[in-house]
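Heads up, coords_20.cif below (mmCIF, C-alpha atoms; chains and numbers go by the auth columns):
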```cif
data_entry
loop_
_atom_site.group_PDB
_atom_site.id
_atom_site.type_symbol
_atom_site.label_atom_id
_atom_site.label_comp_id
_atom_site.label_asym_id
_atom_site.label_seq_id
_atom_site.Cartn_x
_atom_site.Cartn_y
_atom_site.Cartn_z
_atom_site.B_iso_or_equiv
_atom_site.auth_seq_id
_atom_site.auth_asym_id
ATOM 1 C CA MET A 1 130.484 -21.656 82.947 0.00 1 A
ATOM 2 C CA SER A 2 133.137 -19.072 83.619 0.00 2 A
ATOM 3 C CA LEU A 3 132.851 -16.291 86.182 0.00 3 A
ATOM 4 C CA ASP A 4 132.991 -13.801 83.289 0.00 4 A
ATOM 5 C CA THR A 5 129.869 -15.415 81.830 0.00 5 A
ATOM 6 C CA VAL A 6 128.197 -15.245 85.230 0.00 6 A
ATOM 7 C CA ARG A 7 129.021 -11.551 85.521 0.00 7 A
ATOM 8 C CA ALA A 8 127.628 -10.854 82.047 0.00 8 A
ATOM 9 C CA GLY A 9 124.415 -12.684 82.924 0.00 9 A
ATOM 10 C CA VAL A 10 124.026 -10.786 86.186 0.00 10 A
ATOM 11 C CA THR A 11 124.568 -7.480 84.393 0.00 11 A
ATOM 12 C CA LEU A 12 121.887 -8.413 81.875 0.00 12 A
ATOM 13 C CA ALA A 13 119.451 -9.611 84.550 0.00 13 A
ATOM 14 C CA LEU A 14 119.848 -6.412 86.561 0.00 14 A
ATOM 15 C CA ARG A 15 119.847 -3.945 83.664 0.00 15 A
ATOM 16 C CA GLU A 16 116.212 -3.257 84.500 0.00 16 A
ATOM 17 C CA PRO A 17 115.967 -4.696 88.019 0.00 17 A
ATOM 18 C CA PRO A 18 113.059 -7.091 88.458 0.00 18 A
ATOM 19 C CA PRO A 19 111.119 -7.165 91.736 0.00 19 A
ATOM 20 C CA HIS A 20 112.569 -10.621 92.465 0.00 20 A
ATOM 21 C CA LEU A 21 115.677 -12.454 91.267 0.00 21 A
ATOM 22 C CA ASP A 22 116.289 -16.204 91.529 0.00 22 A
ATOM 23 C CA VAL A 23 119.811 -17.442 90.851 0.00 23 A
ATOM 24 C CA ALA A 24 119.808 -21.197 90.187 0.00 24 A
ATOM 25 C CA PHE A 25 122.738 -23.618 90.246 0.00 25 A
ATOM 26 C CA PHE A 26 121.998 -26.829 88.327 0.00 26 A
ATOM 27 C CA GLY A 27 123.288 -29.122 85.606 0.00 27 A
ATOM 28 C CA GLY A 28 125.604 -31.987 86.306 0.00 28 A
ATOM 29 C CA GLU A 29 126.586 -31.508 89.931 0.00 29 A
ATOM 30 C CA PRO A 30 127.054 -27.810 90.753 0.00 30 A
ATOM 31 C CA LEU A 31 128.890 -28.571 93.997 0.00 31 A
ATOM 32 C CA LEU A 32 131.827 -29.876 91.953 0.00 32 A
ATOM 33 C CA ARG A 33 132.563 -26.162 91.413 0.00 33 A
ATOM 34 C CA VAL A 34 131.785 -24.766 94.856 0.00 34 A
ATOM 35 C CA GLU A 35 134.362 -21.993 94.358 0.00 35 A
ATOM 36 C CA LEU A 36 132.386 -20.753 91.342 0.00 36 A
ATOM 37 C CA LEU A 37 129.185 -20.878 93.384 0.00 37 A
ATOM 38 C CA ARG A 38 130.852 -18.878 96.165 0.00 38 A
ATOM 39 C CA ALA A 39 132.165 -16.287 93.685 0.00 39 A
ATOM 40 C CA THR A 40 128.783 -16.073 91.947 0.00 40 A
ATOM 41 C CA ILE A 41 126.914 -15.537 95.194 0.00 41 A
ATOM 42 C CA ALA A 42 129.349 -12.819 96.286 0.00 42 A
ATOM 43 C CA HIS A 43 129.076 -11.071 92.928 0.00 43 A
ATOM 44 C CA VAL A 44 125.280 -11.232 92.763 0.00 44 A
ATOM 45 C CA GLU A 45 124.883 -9.991 96.326 0.00 45 A
ATOM 46 C CA ALA A 46 127.275 -7.075 95.692 0.00 46 A
ATOM 47 C CA GLU A 47 125.476 -6.080 92.489 0.00 47 A
ATOM 48 C CA VAL A 48 122.056 -6.318 94.109 0.00 48 A
ATOM 49 C CA ALA A 49 123.213 -4.304 97.134 0.00 49 A
ATOM 50 C CA ALA A 50 124.569 -1.602 94.816 0.00 50 A
ATOM 51 C CA LEU A 51 121.046 -1.062 93.481 0.00 51 A
ATOM 52 C CA GLY A 52 119.931 0.341 96.827 0.00 52 A
ATOM 53 C CA SER A 53 116.210 0.966 96.905 0.00 53 A
ATOM 54 C CA ARG A 54 115.810 -0.597 93.433 0.00 54 A
ATOM 55 C CA ALA A 55 117.276 -3.918 94.640 0.00 55 A
ATOM 56 C CA PRO A 56 115.171 -7.015 93.961 0.00 56 A
ATOM 57 C CA SER A 57 114.519 -9.628 96.587 0.00 57 A
ATOM 58 C CA LEU A 58 117.004 -12.420 96.051 0.00 58 A
ATOM 59 C CA ARG A 59 116.921 -16.199 96.350 0.00 59 A
ATOM 60 C CA PHE A 60 119.531 -18.826 95.479 0.00 60 A
ATOM 61 C CA LEU A 61 118.442 -22.268 94.259 0.00 61 A
ATOM 62 C CA LEU A 62 120.599 -25.391 94.284 0.00 62 A
ATOM 63 C CA ASN A 63 119.863 -28.680 92.498 0.00 63 A
ATOM 64 C CA THR A 64 122.199 -31.347 93.848 0.00 64 A
ATOM 65 C CA ASN A 65 122.498 -35.036 94.542 0.00 65 A
ATOM 66 C CA ALA A 66 123.787 -33.938 97.996 0.00 66 A
ATOM 67 C CA THR A 67 126.850 -36.197 97.978 0.00 67 A
ATOM 68 C CA LEU A 68 129.153 -33.172 98.304 0.00 68 A
ATOM 69 C CA VAL A 69 127.157 -31.256 100.914 0.00 69 A
ATOM 70 C CA ASP A 70 129.395 -30.434 103.856 0.00 70 A
ATOM 71 C CA ASP A 71 129.535 -27.740 106.539 0.00 71 A
ATOM 72 C CA GLU A 72 131.004 -25.267 104.024 0.00 72 A
ATOM 73 C CA VAL A 73 128.107 -25.760 101.607 0.00 73 A
ATOM 74 C CA VAL A 74 125.537 -25.543 104.393 0.00 74 A
ATOM 75 C CA ALA A 75 127.085 -22.255 105.559 0.00 75 A
ATOM 76 C CA LEU A 76 127.127 -20.909 102.001 0.00 76 A
ATOM 77 C CA PHE A 77 123.369 -21.387 101.608 0.00 77 A
ATOM 78 C CA ALA A 78 122.344 -20.780 105.242 0.00 78 A
ATOM 79 C CA PRO A 79 120.324 -17.854 106.610 0.00 79 A
ATOM 80 C CA PRO A 80 120.277 -14.934 106.476 0.00 80 A
ATOM 81 C CA ARG A 81 120.764 -15.783 102.777 0.00 81 A
ATOM 82 C CA VAL A 82 117.485 -16.955 101.233 0.00 82 A
ATOM 83 C CA SER A 83 118.066 -20.324 99.586 0.00 83 A
ATOM 84 C CA THR A 84 116.216 -23.403 98.439 0.00 84 A
ATOM 85 C CA ALA A 85 117.884 -26.753 97.805 0.00 85 A
ATOM 86 C CA PHE A 86 116.454 -29.533 95.670 0.00 86 A
ATOM 87 C CA VAL A 87 117.951 -32.979 96.176 0.00 87 A
ATOM 88 C CA SER A 88 117.762 -35.629 93.474 0.00 88 A
ATOM 89 C CA LEU A 89 117.529 -39.167 94.753 0.00 89 A
ATOM 90 C CA ASP A 90 119.110 -41.536 92.282 0.00 90 A
ATOM 91 C CA GLY A 91 118.354 -45.216 92.345 0.00 91 A
ATOM 92 C CA PRO A 92 118.985 -48.386 90.372 0.00 92 A
ATOM 93 C CA ARG A 93 118.833 -48.133 86.571 0.00 93 A
ATOM 94 C CA HIS A 94 115.836 -50.487 86.229 0.00 94 A
ATOM 95 C CA VAL A 95 113.747 -48.230 88.497 0.00 95 A
ATOM 96 C CA HIS A 96 114.684 -45.031 86.663 0.00 96 A
ATOM 97 C CA ASP A 97 114.334 -46.561 83.197 0.00 97 A
ATOM 98 C CA ARG A 98 110.746 -47.492 84.008 0.00 98 A
ATOM 99 C CA HIS A 99 110.004 -43.736 84.088 0.00 99 A
ATOM 100 C CA ARG A 100 112.511 -42.528 81.455 0.00 100 A
ATOM 101 C CA VAL A 101 110.927 -43.941 78.346 0.00 101 A
ATOM 102 C CA ASN A 102 112.512 -42.737 75.096 0.00 102 A
ATOM 103 C CA ALA A 103 110.965 -42.453 71.605 0.00 103 A
ATOM 104 C CA ALA A 104 111.786 -46.131 70.918 0.00 104 A
ATOM 105 C CA GLY A 105 109.729 -47.210 73.919 0.00 105 A
#
```

For the structure just supplied, provide its representation as structure tokens.
Amino acid sequence: MSLDTVRAGVTLALREPPPHLDVAFFGGEPLLRVELLRATIAHVEAEVAALGSRAPSLRFLLNTNATLVDDEVVALFAPPRVSTAFVSLDGPRHVHDRHRVNAAG
């Protein structure tokens, strides 16, 4: 996703500000594009702040396998920013395939 697409989505989401806004990073491994995450967070926070008293509460969500989590990532999602991280724990194929049954069985 490009930053222009992010900006368009934020504009749409805040056209009529909701009481709460979650911004989720998922799909593939979002931390491969940490610069985009940083730019997105900065943009969302600026747009929400500009709403003043109409600003929604804000939370950032991250789905990651955690292999790229470092001090920079921890700082990006640390308080006072409200964030939730979900970590996927990948294992051997035979374990996962037992639970990922397709239409053919």

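CA of Ala24 (chain A) sits 4.4 Å away from CA of Leu61 (chain A).
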
Give me the residues within 10 Å of Thr40 (chain A) as an MDAnalysis selection string, counting all atoms listed in the file and dropping any in the same chain fewer than 6 places off. chainID A and resid 2:4 6:7 10 23 25 34 46

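Taking CA of Val73 (chain A) and CA of Arg59 (chain A) as endpoints, the distance between them is 15.6 Å.
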
Would you kindly translate the PyMOL selection byres ((chain A and resi 11) around 12) into the concrete residues it picks from this file, as a PDB file with C-alpha atoms, in the coordinates of the input?
```
ATOM      1  CA  ASP A   4     132.991 -13.801  83.289  1.00  0.00           C
ATOM      2  CA  THR A   5     129.869 -15.415  81.830  1.00  0.00           C
ATOM      3  CA  VAL A   6     128.197 -15.245  85.230  1.00  0.00           C
ATOM      4  CA  ARG A   7     129.021 -11.551  85.521  1.00  0.00           C
ATOM      5  CA  ALA A   8     127.628 -10.854  82.047  1.00  0.00           C
ATOM      6  CA  GLY A   9     124.415 -12.684  82.924  1.00  0.00           C
ATOM      7  CA  VAL A  10     124.026 -10.786  86.186  1.00  0.00           C
ATOM      8  CA  LEU A  12     121.887  -8.413  81.875  1.00  0.00           C
ATOM      9  CA  ALA A  13     119.451  -9.611  84.550  1.00  0.00           C
ATOM     10  CA  LEU A  14     119.848  -6.412  86.561  1.00  0.00           C
ATOM     11  CA  ARG A  15     119.847  -3.945  83.664  1.00  0.00           C
ATOM     12  CA  GLU A  16     116.212  -3.257  84.500  1.00  0.00           C
ATOM     13  CA  PRO A  17     115.967  -4.696  88.019  1.00  0.00           C
ATOM     14  CA  HIS A  43     129.076 -11.071  92.928  1.00  0.00           C
ATOM     15  CA  VAL A  44     125.280 -11.232  92.763  1.00  0.00           C
ATOM     16  CA  ALA A  46     127.275  -7.075  95.692  1.00  0.00           C
ATOM     17  CA  GLU A  47     125.476  -6.080  92.489  1.00  0.00           C
ATOM     18  CA  VAL A  48     122.056  -6.318  94.109  1.00  0.00           C
ATOM     19  CA  ALA A  50     124.569  -1.602  94.816  1.00  0.00           C
ATOM     20  CA  LEU A  51     121.046  -1.062  93.481  1.00  0.00           C
TER      21      LEU A  51
END
```

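For the pair CA of His94 (chain A) and CA of Leu62 (chain A), the interatomic distance is 26.8 Å.
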
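Selection by the PyMOL selection byres ((chain A and resi 58) around 8) on the present file picks out His20, Leu21, Asp22, Val23, Pro56, Ser57, Arg59, Phe60 and Val82 of chain A.
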
With the file shown as input, list the residues that the PyMOL selection byres ((chain A and resi 86) around 12) selects, as a tab-separated table (two decimals) with C-alpha atoms, in the frame of the given file.
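Produced file out_14.tsv, reproduced below:
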```
chain	number	residue	atom	x	y	z
A	24	ALA	CA	119.81	-21.20	90.19
A	25	PHE	CA	122.74	-23.62	90.25
A	26	PHE	CA	122.00	-26.83	88.33
A	29	GLU	CA	126.59	-31.51	89.93
A	30	PRO	CA	127.05	-27.81	90.75
A	60	PHE	CA	119.53	-18.83	95.48
A	61	LEU	CA	118.44	-22.27	94.26
A	62	LEU	CA	120.60	-25.39	94.28
A	63	ASN	CA	119.86	-28.68	92.50
A	64	THR	CA	122.20	-31.35	93.85
A	65	ASN	CA	122.50	-35.04	94.54
A	66	ALA	CA	123.79	-33.94	98.00
A	83	SER	CA	118.07	-20.32	99.59
A	84	THR	CA	116.22	-23.40	98.44
A	85	ALA	CA	117.88	-26.75	97.80
A	87	VAL	CA	117.95	-32.98	96.18
A	88	SER	CA	117.76	-35.63	93.47
A	89	LEU	CA	117.53	-39.17	94.75
```

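Shortest separation to Pro19 (chain A) among A:Ile41, A:Leu36, A:Met1, A:Arg54 occurs at residue A:Arg54, atoms counted being only C-alpha atoms.
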